>>> print(open('run.cif').read())   # mmCIF, C-alpha atoms
data_coords
#
loop_
_atom_site.label_atom_id
_atom_site.label_comp_id
_atom_site.auth_asym_id
_atom_site.auth_seq_id
_atom_site.Cartn_x
_atom_site.Cartn_y
_atom_site.Cartn_z
CA MET A 21 54.94 74.26 109.04
CA SER A 22 58.13 72.30 108.67
CA VAL A 23 61.48 71.27 110.00
CA MET A 24 63.89 73.59 108.18
CA ARG A 25 67.29 72.07 108.69
CA LEU A 26 69.84 70.35 110.86
CA GLY A 27 70.61 73.12 113.32
CA TYR A 28 73.20 71.56 115.57
CA VAL A 29 75.27 68.48 116.16
CA HIS A 30 76.27 67.85 119.76
CA ALA A 31 79.15 65.38 119.91
CA ARG A 32 81.59 63.98 122.44
CA VAL A 33 85.35 64.25 122.12
CA THR A 34 88.06 62.68 124.26
CA ASP A 35 90.32 65.72 124.35
CA LEU A 36 88.88 69.19 123.94
CA ALA A 37 92.22 70.85 123.15
CA GLU A 38 92.87 68.50 120.23
CA ALA A 39 89.27 68.80 119.07
CA LYS A 40 89.62 72.59 119.04
CA ARG A 41 92.70 72.33 116.88
CA HIS A 42 90.73 70.21 114.41
CA TYR A 43 87.40 72.02 114.31
CA GLY A 44 88.86 75.48 114.79
CA ASN A 45 92.14 75.40 112.95
CA THR A 46 91.68 72.72 110.29
CA MET A 47 87.94 73.06 109.64
CA GLY A 48 87.93 76.82 110.20
CA LEU A 49 84.82 76.97 112.37
CA TYR A 50 84.26 80.02 114.55
CA PRO A 51 84.36 79.43 118.31
CA MET A 52 81.26 81.12 119.74
CA HIS A 53 81.36 80.16 123.38
CA GLU A 54 83.53 78.15 125.67
CA GLN A 55 82.92 76.81 129.14
CA PRO A 56 84.70 74.09 131.12
CA GLY A 57 84.44 70.87 129.13
CA GLN A 58 82.43 72.36 126.25
CA VAL A 59 82.99 74.48 123.19
CA TYR A 60 80.41 75.89 120.74
CA TYR A 61 81.17 76.54 117.07
CA LYS A 62 79.46 77.91 114.04
CA ALA A 63 80.45 77.91 110.39
CA TRP A 64 80.94 81.20 108.55
CA ASP A 65 77.72 81.27 106.51
CA GLU A 66 75.52 80.22 109.42
CA TYR A 67 73.68 82.96 111.26
CA ASP A 68 72.38 81.20 114.39
CA HIS A 69 74.60 81.13 117.46
CA HIS A 70 76.12 77.68 116.92
CA SER A 71 75.88 74.50 114.88
CA LEU A 72 78.38 72.28 116.65
CA VAL A 73 78.72 71.59 120.37
CA LEU A 74 81.70 69.56 121.53
CA GLU A 75 81.70 68.03 124.96
CA GLU A 76 84.77 66.51 126.56
CA GLY A 77 84.51 62.88 127.66
CA GLY A 78 83.90 59.86 125.44
CA VAL A 79 83.14 59.78 121.72
CA GLY A 80 80.04 59.77 119.53
CA LEU A 81 76.80 61.64 119.36
CA VAL A 82 74.97 63.31 122.24
CA LYS A 83 72.11 64.66 120.12
CA LEU A 84 71.04 66.38 116.94
CA GLY A 85 69.03 69.59 116.90
CA TYR A 86 66.60 70.41 114.07
CA LYS A 87 65.12 73.87 113.69
CA VAL A 88 61.42 74.26 112.88
CA SER A 89 59.92 77.18 110.97
CA ASP A 90 57.07 78.07 113.31
CA PRO A 91 56.81 77.99 117.13
CA ALA A 92 53.49 76.15 116.90
CA ASP A 93 55.19 73.30 115.00
CA ILE A 94 56.65 72.08 118.28
CA ASP A 95 53.22 71.10 119.67
CA VAL A 96 52.25 69.27 116.50
CA TYR A 97 55.49 67.33 116.30
CA GLU A 98 55.30 66.55 120.02
CA LYS A 99 51.90 64.90 119.62
CA ARG A 100 52.93 63.03 116.51
CA ALA A 101 56.13 61.74 118.10
CA GLN A 102 54.21 60.53 121.14
CA ARG A 103 51.68 58.81 118.91
CA PHE A 104 54.56 57.16 117.08
CA GLY A 105 55.60 55.72 120.44
CA CYS A 106 58.66 57.82 121.16
CA LEU A 107 59.68 59.13 124.53
CA VAL A 108 59.23 62.91 124.27
CA GLU A 109 60.09 65.55 126.83
CA ARG A 110 59.82 69.30 126.88
CA MET A 111 62.98 71.36 127.10
CA SER A 112 63.04 74.90 128.41
CA ALA A 113 64.78 77.92 127.02
CA GLY A 114 68.33 77.83 128.30
CA ASP A 115 68.55 74.04 128.68
CA ASN A 116 70.74 74.41 125.63
CA LEU A 117 72.86 77.55 125.54
CA GLU A 118 71.23 80.25 123.38
CA VAL A 119 68.43 77.88 122.33
CA GLY A 120 64.75 78.47 123.10
CA ASP A 121 62.26 75.94 124.37
CA GLY A 122 61.32 72.87 122.41
CA ILE A 123 61.12 69.11 122.65
CA ARG A 124 63.55 66.28 123.04
CA ILE A 125 62.61 63.06 121.26
CA VAL A 126 64.27 59.71 121.85
CA LEU A 127 64.04 57.82 118.55
CA PRO A 128 63.32 54.08 118.46
CA SER A 129 67.06 53.82 117.65
CA ASP A 130 67.98 55.57 120.97
CA HIS A 131 69.27 58.65 119.16
CA VAL A 132 68.18 61.96 120.68
CA VAL A 133 66.68 64.57 118.38
CA GLU A 134 65.72 68.02 119.65
CA LEU A 135 63.32 70.35 117.90
CA TYR A 136 63.48 74.07 118.60
CA HIS A 137 62.35 77.27 116.98
CA ASP A 138 64.64 79.90 118.46
CA MET A 139 68.37 80.23 118.63
CA THR A 140 70.08 83.55 119.21
CA LEU A 141 70.69 85.19 115.85
CA VAL A 142 74.28 86.35 115.49
CA GLY A 143 74.51 86.79 111.71
CA THR A 144 76.83 85.28 109.12
CA GLU A 145 80.46 86.34 108.94
CA VAL A 146 79.69 88.52 105.91
CA GLY A 147 76.54 90.14 107.25
CA THR A 148 73.42 91.19 105.39
CA HIS A 149 74.42 94.64 104.08
CA ASN A 150 76.16 94.53 100.73
CA PRO A 151 77.94 91.34 101.79
CA ASP A 152 81.18 90.01 100.39
CA VAL A 153 81.04 86.51 98.95
CA PHE A 154 83.23 85.00 101.64
CA PRO A 155 85.00 86.26 104.78
CA ARG A 156 88.39 87.86 104.15
CA HIS A 157 90.27 85.79 106.73
CA LEU A 158 88.95 82.25 106.58
CA VAL A 159 91.01 79.65 108.41
CA GLY A 160 91.81 76.19 107.01
CA VAL A 161 88.98 74.44 105.16
CA GLY A 162 86.64 77.29 106.04
CA ALA A 163 83.44 75.27 105.79
CA PRO A 164 80.41 77.52 105.29
CA ARG A 165 77.75 75.26 106.78
CA ILE A 166 77.03 72.02 108.59
CA ASP A 167 74.95 69.83 106.30
CA HIS A 168 73.75 66.45 107.57
CA ALA A 169 74.45 63.45 109.77
CA LEU A 170 74.35 59.70 109.13
CA ILE A 171 73.26 57.56 112.06
CA THR A 172 72.93 53.79 112.40
CA ALA A 173 69.85 51.90 113.58
CA GLU A 174 68.85 48.28 113.99
CA ASP A 175 65.65 49.06 112.08
CA PRO A 176 66.45 51.74 109.51
CA GLY A 177 62.99 51.31 107.97
CA LEU A 178 61.42 52.44 111.22
CA ILE A 179 63.62 55.53 111.41
CA ASP A 180 62.79 56.30 107.76
CA ARG A 181 59.11 56.10 108.74
CA PHE A 182 59.64 58.27 111.83
CA PHE A 183 61.22 61.13 109.89
CA ARG A 184 58.56 60.96 107.17
CA GLU A 185 55.45 60.46 109.28
CA VAL A 186 56.35 62.53 112.33
CA LEU A 187 58.61 65.25 110.93
CA ASP A 188 57.42 65.48 107.29
CA PHE A 189 60.78 64.57 105.76
CA TYR A 190 60.76 62.80 102.39
CA ALA A 191 63.02 59.96 101.29
CA ALA A 192 65.27 61.13 98.47
CA GLU A 193 67.00 57.76 98.15
CA ARG A 194 66.93 54.36 99.77
CA VAL A 195 68.89 51.15 99.74
CA ALA A 196 66.53 48.19 99.84
CA THR A 197 66.75 44.40 99.76
CA SER A 198 64.85 44.38 96.47
CA LEU A 199 62.67 46.53 94.23
CA ASP A 200 59.52 44.78 95.49
CA ASP A 201 56.97 46.53 97.67
CA ASP A 202 57.75 44.32 100.66
CA ALA A 203 61.50 44.99 100.48
CA GLN A 204 63.39 45.78 103.67
CA ILE A 205 64.96 49.23 103.93
CA ILE A 206 68.69 48.98 104.61
CA GLY A 207 69.41 52.67 104.41
CA SER A 208 67.55 55.91 103.78
CA TRP A 209 68.57 59.45 102.82
CA LEU A 210 65.88 61.81 104.03
CA SER A 211 65.34 65.46 103.23
CA THR A 212 63.33 68.30 104.67
CA SER A 213 64.85 70.90 102.35
CA ASN A 214 66.15 71.06 98.77
CA THR A 215 69.32 69.11 99.53
CA PRO A 216 69.20 65.32 99.14
CA HIS A 217 69.72 64.61 102.84
CA ASP A 218 69.29 66.40 106.14
CA ILE A 219 69.54 63.06 107.94
CA ALA A 220 70.51 59.63 106.73
CA VAL A 221 70.20 56.30 108.47
CA ILE A 222 71.80 52.97 107.70
CA GLY A 223 71.49 49.53 109.28
CA GLY A 224 73.74 49.01 112.31
CA PRO A 225 73.72 49.28 116.08
CA ASN A 226 71.28 51.70 117.68
CA GLY A 227 72.50 55.01 119.03
CA LYS A 228 75.64 55.26 116.94
CA LEU A 229 77.05 57.95 114.70
CA HIS A 230 78.54 57.15 111.32
CA HIS A 231 79.46 60.74 110.46
CA PHE A 232 78.37 64.34 110.34
CA ALA A 233 79.14 66.48 107.35
CA PHE A 234 80.13 70.01 106.39
CA GLU A 235 79.02 71.47 103.10
CA LEU A 236 81.62 72.89 100.73
CA THR A 237 80.84 74.79 97.56
CA ASP A 238 82.35 72.53 94.93
CA TRP A 239 84.69 69.76 93.92
CA SER A 240 87.80 71.95 93.90
CA GLU A 241 87.07 72.93 97.51
CA ILE A 242 86.96 69.22 98.35
CA LYS A 243 90.40 68.76 96.85
CA ARG A 244 91.69 71.79 98.73
CA ALA A 245 90.30 70.35 101.98
CA GLY A 246 92.22 67.16 101.20
CA GLY A 247 95.43 69.18 100.98
CA LEU A 248 94.74 70.68 104.39
CA PHE A 249 94.09 67.20 105.83
CA ALA A 250 97.53 66.16 104.59
CA MET A 251 99.15 69.25 106.15
CA ASP A 252 97.40 68.71 109.47
CA ASP A 253 97.78 64.90 109.55
CA VAL A 254 94.04 64.25 109.59
CA PRO A 255 93.38 60.54 109.01
CA VAL A 256 91.34 60.12 105.83
CA ASP A 257 88.86 57.28 105.54
CA VAL A 258 87.78 57.55 101.88
CA GLY A 259 88.05 60.05 99.06
CA PRO A 260 88.11 62.41 97.39
CA THR A 261 85.45 60.69 95.32
CA GLN A 262 81.80 60.95 94.29
CA HIS A 263 78.67 59.34 95.68
CA GLY A 264 76.10 57.64 93.49
CA ILE A 265 73.54 58.33 96.20
CA THR A 266 73.02 62.14 96.27
CA ARG A 267 75.70 62.54 93.52
CA GLY A 268 77.68 64.57 96.05
CA GLU A 269 81.46 64.85 96.12
CA THR A 270 83.18 63.81 99.29
CA ILE A 271 86.08 63.11 101.58
CA TYR A 272 85.49 61.14 104.78
CA TYR A 273 88.00 61.70 107.58
CA PHE A 274 88.27 61.38 111.33
CA ASP A 275 88.44 64.03 114.02
CA PRO A 276 91.10 63.61 116.75
CA SER A 277 88.69 61.48 118.82
CA GLY A 278 87.81 59.13 115.96
CA ASN A 279 84.42 60.65 115.14
CA ARG A 280 84.00 60.51 111.38
CA ASN A 281 83.44 63.79 109.54
CA GLU A 282 82.70 64.42 105.88
CA VAL A 283 83.21 67.35 103.57
CA PHE A 284 80.40 67.22 101.02
CA SER A 285 79.72 69.30 97.92
CA GLY A 286 77.28 69.21 95.06
CA GLY A 287 74.38 66.81 95.21
CA TYR A 288 71.27 67.51 93.22
CA THR A 289 68.52 69.98 94.09
CA THR A 290 65.41 68.12 95.13
CA PHE A 291 61.79 68.67 96.13
CA PRO A 292 59.29 66.69 98.19
CA ASP A 293 57.54 65.40 95.06
CA ARG A 294 60.71 63.94 93.56
CA PRO A 295 60.31 60.19 93.12
CA THR A 296 62.44 58.26 95.62
CA VAL A 297 65.50 56.59 94.12
CA THR A 298 66.04 52.97 95.15
CA TRP A 299 69.38 51.17 95.16
CA THR A 300 69.51 47.43 95.53
CA VAL A 301 71.99 45.94 97.99
CA ASP A 302 74.09 44.36 95.21
CA GLN A 303 74.76 47.92 93.95
CA LEU A 304 75.31 49.41 97.41
CA ALA A 305 79.05 49.95 96.88
CA LYS A 306 78.37 51.86 93.66
CA GLY A 307 75.70 53.89 95.42
CA ILE A 308 78.05 54.94 98.18
CA PHE A 309 81.28 55.30 96.18
CA TYR A 310 80.27 55.66 92.58
CA ILE A 311 83.75 55.78 91.09
CA SER A 312 85.56 52.93 92.88
CA ARG A 313 82.41 50.83 93.51
CA GLU A 314 84.11 49.45 96.62
CA LEU A 315 83.23 49.78 100.28
CA ASN A 316 86.20 49.53 102.56
CA GLU A 317 85.73 47.64 105.77
CA ARG A 318 86.67 50.63 107.87
CA PHE A 319 83.91 52.73 106.30
CA THR A 320 81.27 50.17 107.20
CA THR A 321 82.53 49.19 110.65
CA VAL A 322 83.92 52.30 112.36
CA LEU A 323 81.17 54.02 114.33
CA THR A 324 81.31 56.21 117.41
CA MET B 2 109.07 46.27 119.59
CA LYS B 3 108.34 42.64 118.85
CA VAL B 4 105.20 41.45 117.15
CA GLN B 5 104.46 37.78 117.64
CA PRO B 6 105.37 35.46 116.12
CA GLY B 7 108.59 36.95 114.72
CA ILE B 8 108.64 40.59 113.64
CA ASP B 9 110.95 43.08 115.27
CA VAL B 10 110.78 46.81 114.52
CA GLU B 11 112.56 49.82 115.92
CA LEU B 12 110.23 52.54 117.24
CA GLN B 13 111.06 56.22 117.54
CA ASP B 14 110.58 58.18 120.74
CA GLY B 15 106.93 58.99 121.30
CA GLU B 16 105.76 56.91 118.34
CA THR B 17 102.64 54.81 118.79
CA VAL B 18 102.62 51.08 118.12
CA LEU B 19 100.59 51.58 114.95
CA GLU B 20 102.65 54.49 113.63
CA GLY B 21 105.81 52.45 114.08
CA LEU B 22 104.42 49.47 112.22
CA TYR B 23 103.08 51.66 109.40
CA ARG B 24 106.46 53.35 109.08
CA HIS B 25 108.08 49.96 108.57
CA GLY B 26 105.52 48.96 105.94
CA TYR B 27 103.36 46.70 108.08
CA ALA B 28 99.58 46.85 108.15
CA TYR B 29 96.58 45.19 109.71
CA ARG B 30 92.94 46.08 110.04
CA THR B 31 92.54 49.50 111.64
CA GLY B 32 89.72 52.01 111.95
CA CYS B 33 89.79 55.69 112.77
CA ARG B 34 93.44 55.68 113.95
CA ARG B 35 92.48 58.26 116.58
CA GLY B 36 91.33 56.08 119.47
CA GLY B 37 87.61 56.29 118.80
CA CYS B 38 86.65 52.88 117.48
CA GLY B 39 88.82 50.19 119.10
CA ILE B 40 89.30 48.19 115.89
CA CYS B 41 93.11 48.24 116.13
CA LYS B 42 93.26 46.65 119.59
CA VAL B 43 96.07 44.15 120.10
CA ASP B 44 97.32 42.15 123.08
CA LEU B 45 100.22 43.46 125.09
CA VAL B 46 102.25 40.33 125.85
CA GLU B 47 105.30 41.91 127.46
CA GLY B 48 106.30 45.38 128.59
CA THR B 49 104.25 48.47 129.33
CA VAL B 50 102.69 51.25 127.27
CA ARG B 51 101.38 54.71 128.07
CA TYR B 52 98.57 56.77 126.56
CA PRO B 53 99.74 60.38 126.13
CA THR B 54 96.38 61.24 124.49
CA ALA B 55 93.12 60.73 126.37
CA VAL B 56 91.26 57.59 125.33
CA SER B 57 87.54 57.16 125.95
CA PRO B 58 86.72 54.56 128.61
CA ASP B 59 83.96 53.37 126.24
CA VAL B 60 86.69 52.34 123.83
CA LEU B 61 89.27 51.03 126.29
CA GLY B 62 87.91 50.18 129.73
CA ASP B 63 89.94 49.73 132.92
CA ASP B 64 89.34 45.99 132.96
CA GLU B 65 90.65 45.70 129.40
CA LEU B 66 93.67 47.82 130.25
CA ALA B 67 94.39 45.62 133.25
CA SER B 68 94.08 42.43 131.23
CA GLY B 69 96.63 43.57 128.66
CA THR B 70 94.59 45.10 125.85
CA CYS B 71 96.58 47.66 123.91
CA LEU B 72 94.87 50.27 121.70
CA SER B 73 97.64 50.35 119.12
CA CYS B 74 96.89 53.73 117.50
CA ARG B 75 97.26 55.52 120.84
CA ALA B 76 99.65 53.32 122.84
CA VAL B 77 103.25 54.49 123.10
CA PRO B 78 105.62 51.80 124.48
CA ASP B 79 107.57 52.78 127.59
CA ASP B 80 110.40 50.48 126.62
CA ALA B 81 110.76 47.18 124.78
CA VAL B 82 107.33 45.59 124.30
CA THR B 83 105.91 42.51 122.68
CA ILE B 84 102.45 42.56 121.16
CA ALA B 85 100.24 39.97 119.49
CA LEU B 86 97.54 40.66 116.93
CA ARG B 87 94.00 39.37 117.46
CA GLN B 88 92.55 37.21 114.68
CA GLU B 89 94.59 39.25 112.28
CA GLU B 90 97.68 38.70 110.28
CA LEU B 91 100.34 41.33 109.98
CA ARG B 92 100.60 42.22 106.29
CA ARG B 93 103.75 43.54 104.75
CA ASN B 94 103.61 46.06 101.97
CA PRO B 95 105.32 44.31 99.02
CA TRP B 96 107.28 47.45 98.09
CA PHE B 97 108.82 47.58 101.54
CA ALA B 98 109.64 43.87 101.25
CA PHE B 99 111.17 44.51 97.83
CA ALA B 100 113.28 47.32 99.28
CA ASP B 101 114.45 45.06 102.12
CA ALA B 102 115.40 42.36 99.65
CA ALA B 103 117.25 44.84 97.47
CA LYS B 104 119.20 46.16 100.45
CA ALA B 105 120.08 42.64 101.54
CA ARG B 106 121.36 41.38 98.21
CA SER B 107 123.37 44.31 96.94
CA ALA B 108 126.48 45.97 98.17
CA PRO B 109 126.17 49.73 98.22
CA PRO B 110 126.82 51.23 94.78
CA PRO B 111 130.43 52.28 94.31
CA TRP B 112 129.75 56.01 94.50
CA ARG B 113 128.27 55.49 97.93
CA ALA B 114 130.69 52.84 99.16
CA GLY B 115 133.63 55.22 98.93
CA GLY B 116 131.86 57.85 100.97
CA GLN B 117 131.70 60.12 97.95
CA PRO B 118 128.53 62.13 97.75
CA THR B 119 126.40 61.69 94.67
CA PRO B 120 127.52 64.41 92.26
CA ALA B 121 125.02 67.23 92.36
CA ARG B 122 123.52 68.36 89.12
CA VAL B 123 123.96 72.00 88.52
CA ARG B 124 121.93 74.14 86.22
CA GLY B 125 123.35 74.14 82.75
CA ASP B 126 124.92 70.70 83.19
CA ASP B 127 122.95 69.27 80.42
CA ASP B 128 123.56 71.65 77.63
CA ARG B 129 121.90 70.48 74.53
#
>>> encode(input="run.cif", output="structure tokens")
Amino acid sequence: MSVMRLGYVHARVTDLAEAKRHYGNTMGLYPMHEQPGQVYYKAWDEYDHHSLVLEEGGVGLVKLGYKVSDPADIDVYEKRAQRFGCLVERMSAGDNLEVGDGIRIVLPSDHVVELYHDMTLVGTEVGTHNPDVFPRHLVGVGAPRIDHALITAEDPGLIDRFFREVLDFYAAERVATSLDDDAQIIGSWLSTSNTPHDIAVIGGPNGKLHHFAFELTDWSEIKRAGGLFAMDDVPVDVGPTQHGITRGETIYYFDPSGNRNEVFSGGYTTFPDRPTVTWTVDQLAKGIFYISRELNERFTTVLT
Amino acid sequence: MKVQPGIDVELQDGETVLEGLYRHGYAYRTGCRRGGCGICKVDLVEGTVRYPTAVSPDVLGDDELASGTCLSCRAVPDDAVTIALRQEELRRNPWFAFADAAKARSAPPPWRAGGQPTPARVRGDDDR
């Protein structure tokens, strides 16, 4: 029983045509379905129907979908989330296009997380029979996979506890006010897989999105993505650089509506029994941007 | 476009307030530069602007629009406008300032003054 991964990000964009240019042409995602005011994408190495839903009107996050490994998990997580004090409602198959039934949880931070077990299987772009190592005609960055999201919450410690106690995530890394047992959690990078984060939360207003990220294979792919951002006039926030937290390589940039995206590569392989790393606030800048050890104001203040 | 208290820059057709200022080497605190965060808001003191790209009402509401708030990364002036920054100072990139000063103090170099084009280097010019 477990939550396997971040399955989908559902975000708002001000202009769908511009968003399609960015996510389709620059990021190289595959459009899977389009209806008035909405478009559904998947990345090339993903095999479920979609991993990104864009909805026209406004900016920011609508919800995050996490896929569980067993249908019976839904009932267990539903009870636990209710006991935690969250508002939980059932969703039926078809409430979300190509997604089966499940639950919708409103976190104490007002973010909406959906758990589901079924999404229509469409296969990766290379298939399962003697597959090639990448699709022959990738477009732009050609991201293989969506990786994680960072959200903000007034009480990040509570969200850390929610993901651990209710959904069996483990904290790979945290930023805390001190190394003492009674320290306040300022930020937390939580995993339910072997990657250092499937969700991260940092102190800030409830209900807001800091960024969602696409995985790339390595550092040279990050640099190549940077070249494409220059060609396509994508505003870059920070990078290319390396994180102390997760050790991943990164560029942060904005989509045409001002939602922050990240391309992320590397990061260590981790397991639930790995001791949690703690960063103290005085070393926060080094934790986030290991090389420059500086946090720009835009990075810490721009949220959608 | 004028920026209070005393900056005057020429904008190109279709250029946003922020793009125009960046192009002239000016800077102030901005965020996403795509209309999503509202950090680059300024006051529109005179003139009118349009928004060719959709802007979320969460970022720029009707009441703000009516009271003269200008989202500088998305606002394109209709004609001459005057804006004022909010609790921010317009910073000038020192290299742009240096270039301005250089232009102001020197006459054009002689090979330009006479309208003669700079001699083009051709391959093999510098036989060694």
>>> residues_around(input="run.cif", residues="Thr140 in chain A", least_positions_apart="5", cutoff="6 Å", atoms="all atoms listed in the file", output="JSON, numbers by chain")
{"A": [68, 69, 118]}
>>> resolve_selection(input="run.cif", expression="the PyMOL selection byres ((chain B) within 6 of (chain A))", output="compact mmCIF listing (two decimals) with C-alpha atoms, in the coordinates of the input")
# COMPACT_ATOMS: atom_id res chain seq x y z
CA GLY B 32 89.72 52.01 111.95
CA CYS B 33 89.79 55.69 112.77
CA ARG B 35 92.48 58.26 116.58
CA GLY B 36 91.33 56.08 119.47
CA GLY B 37 87.61 56.29 118.80
CA CYS B 38 86.65 52.88 117.48
CA ALA B 55 93.12 60.73 126.37
CA SER B 57 87.54 57.16 125.95
>>> resolve_selection(input="run.cif", expression="the PyMOL selection byres ((chain B and resi 16) around 12)", output="list in words")
Met2, Val10, Glu11, Leu12, Gln13, Asp14, Gly15, Thr17, Val18, Leu19, Glu20, Gly21, Leu22, Tyr23, Arg24, Val50, Arg51, Tyr52, Pro53, Ser73, Cys74, Arg75, Ala76, Val77, Pro78, Asp79 and Asp80 of chain B
>>> write_last_selection(input="run.cif", atoms="C-alpha atoms", output="compact mmCIF listing (two decimals), keeping the file's coordinate frame")
# COMPACT_ATOMS: atom_id res chain seq x y z
CA MET B 2 109.07 46.27 119.59
CA VAL B 10 110.78 46.81 114.52
CA GLU B 11 112.56 49.82 115.92
CA LEU B 12 110.23 52.54 117.24
CA GLN B 13 111.06 56.22 117.54
CA ASP B 14 110.58 58.18 120.74
CA GLY B 15 106.93 58.99 121.30
CA THR B 17 102.64 54.81 118.79
CA VAL B 18 102.62 51.08 118.12
CA LEU B 19 100.59 51.58 114.95
CA GLU B 20 102.65 54.49 113.63
CA GLY B 21 105.81 52.45 114.08
CA LEU B 22 104.42 49.47 112.22
CA TYR B 23 103.08 51.66 109.40
CA ARG B 24 106.46 53.35 109.08
CA VAL B 50 102.69 51.25 127.27
CA ARG B 51 101.38 54.71 128.07
CA TYR B 52 98.57 56.77 126.56
CA PRO B 53 99.74 60.38 126.13
CA SER B 73 97.64 50.35 119.12
CA CYS B 74 96.89 53.73 117.50
CA ARG B 75 97.26 55.52 120.84
CA ALA B 76 99.65 53.32 122.84
CA VAL B 77 103.25 54.49 123.10
CA PRO B 78 105.62 51.80 124.48
CA ASP B 79 107.57 52.78 127.59
CA ASP B 80 110.40 50.48 126.62
>>> residues_around(input="run.cif", residues="His168 in chain A", least_positions_apart="6", cutoff="9 Å", atoms="all atoms listed in the file", output="ChimeraX atom specification")
/A:25-26,29,217-220,231-235
>>> closest_residue(input="run.cif", among="A:Ile271, A:Leu178, A:Val146, A:Leu135", to="Ala113 in chain A", atoms="only C-alpha atoms")
A:Leu135
>>> atom_distance(input="run.cif", atom1="CA of Glu282 in chain A", atom2="CA of Asp238 in chain A")
13.6 Å
>>> resolve_selection(input="run.cif", expression="the PyMOL selection byres ((chain A and resi 86) around 8)", output="PyMOL selection string")
chain A and resi 23-28+84-85+87-88+133-136
>>> residues_around(input="run.cif", residues="range 49-62 of chain A", least_positions_apart="3", cutoff="7 Å", atoms="all atoms listed in the file", output="PyMOL selection string")
chain A and resi 43-44+66+69-76+162-163
>>> residues_near_point(input="run.cif", point="(105.7, 46.7, 101.8)", cutoff="10 Å", atoms="all atoms listed in the file", output="ChimeraX atom specification")
/B:23-28,92-101
>>> atom_distance(input="run.cif", atom1="CA of Trp239 in chain A", atom2="CA of Thr172 in chain A")
27.1 Å
>>> atom_distance(input="run.cif", atom1="CA of Ala67 in chain B", atom2="CA of Lys228 in chain A")
26.7 Å
>>> residues_around(input="run.cif", residues="range 186-198 of chain A", least_positions_apart="6", cutoff="6 Å", atoms="all atoms listed in the file", output="PyMOL selection string")
chain A and resi 100-101+204-212+216+292+296-301
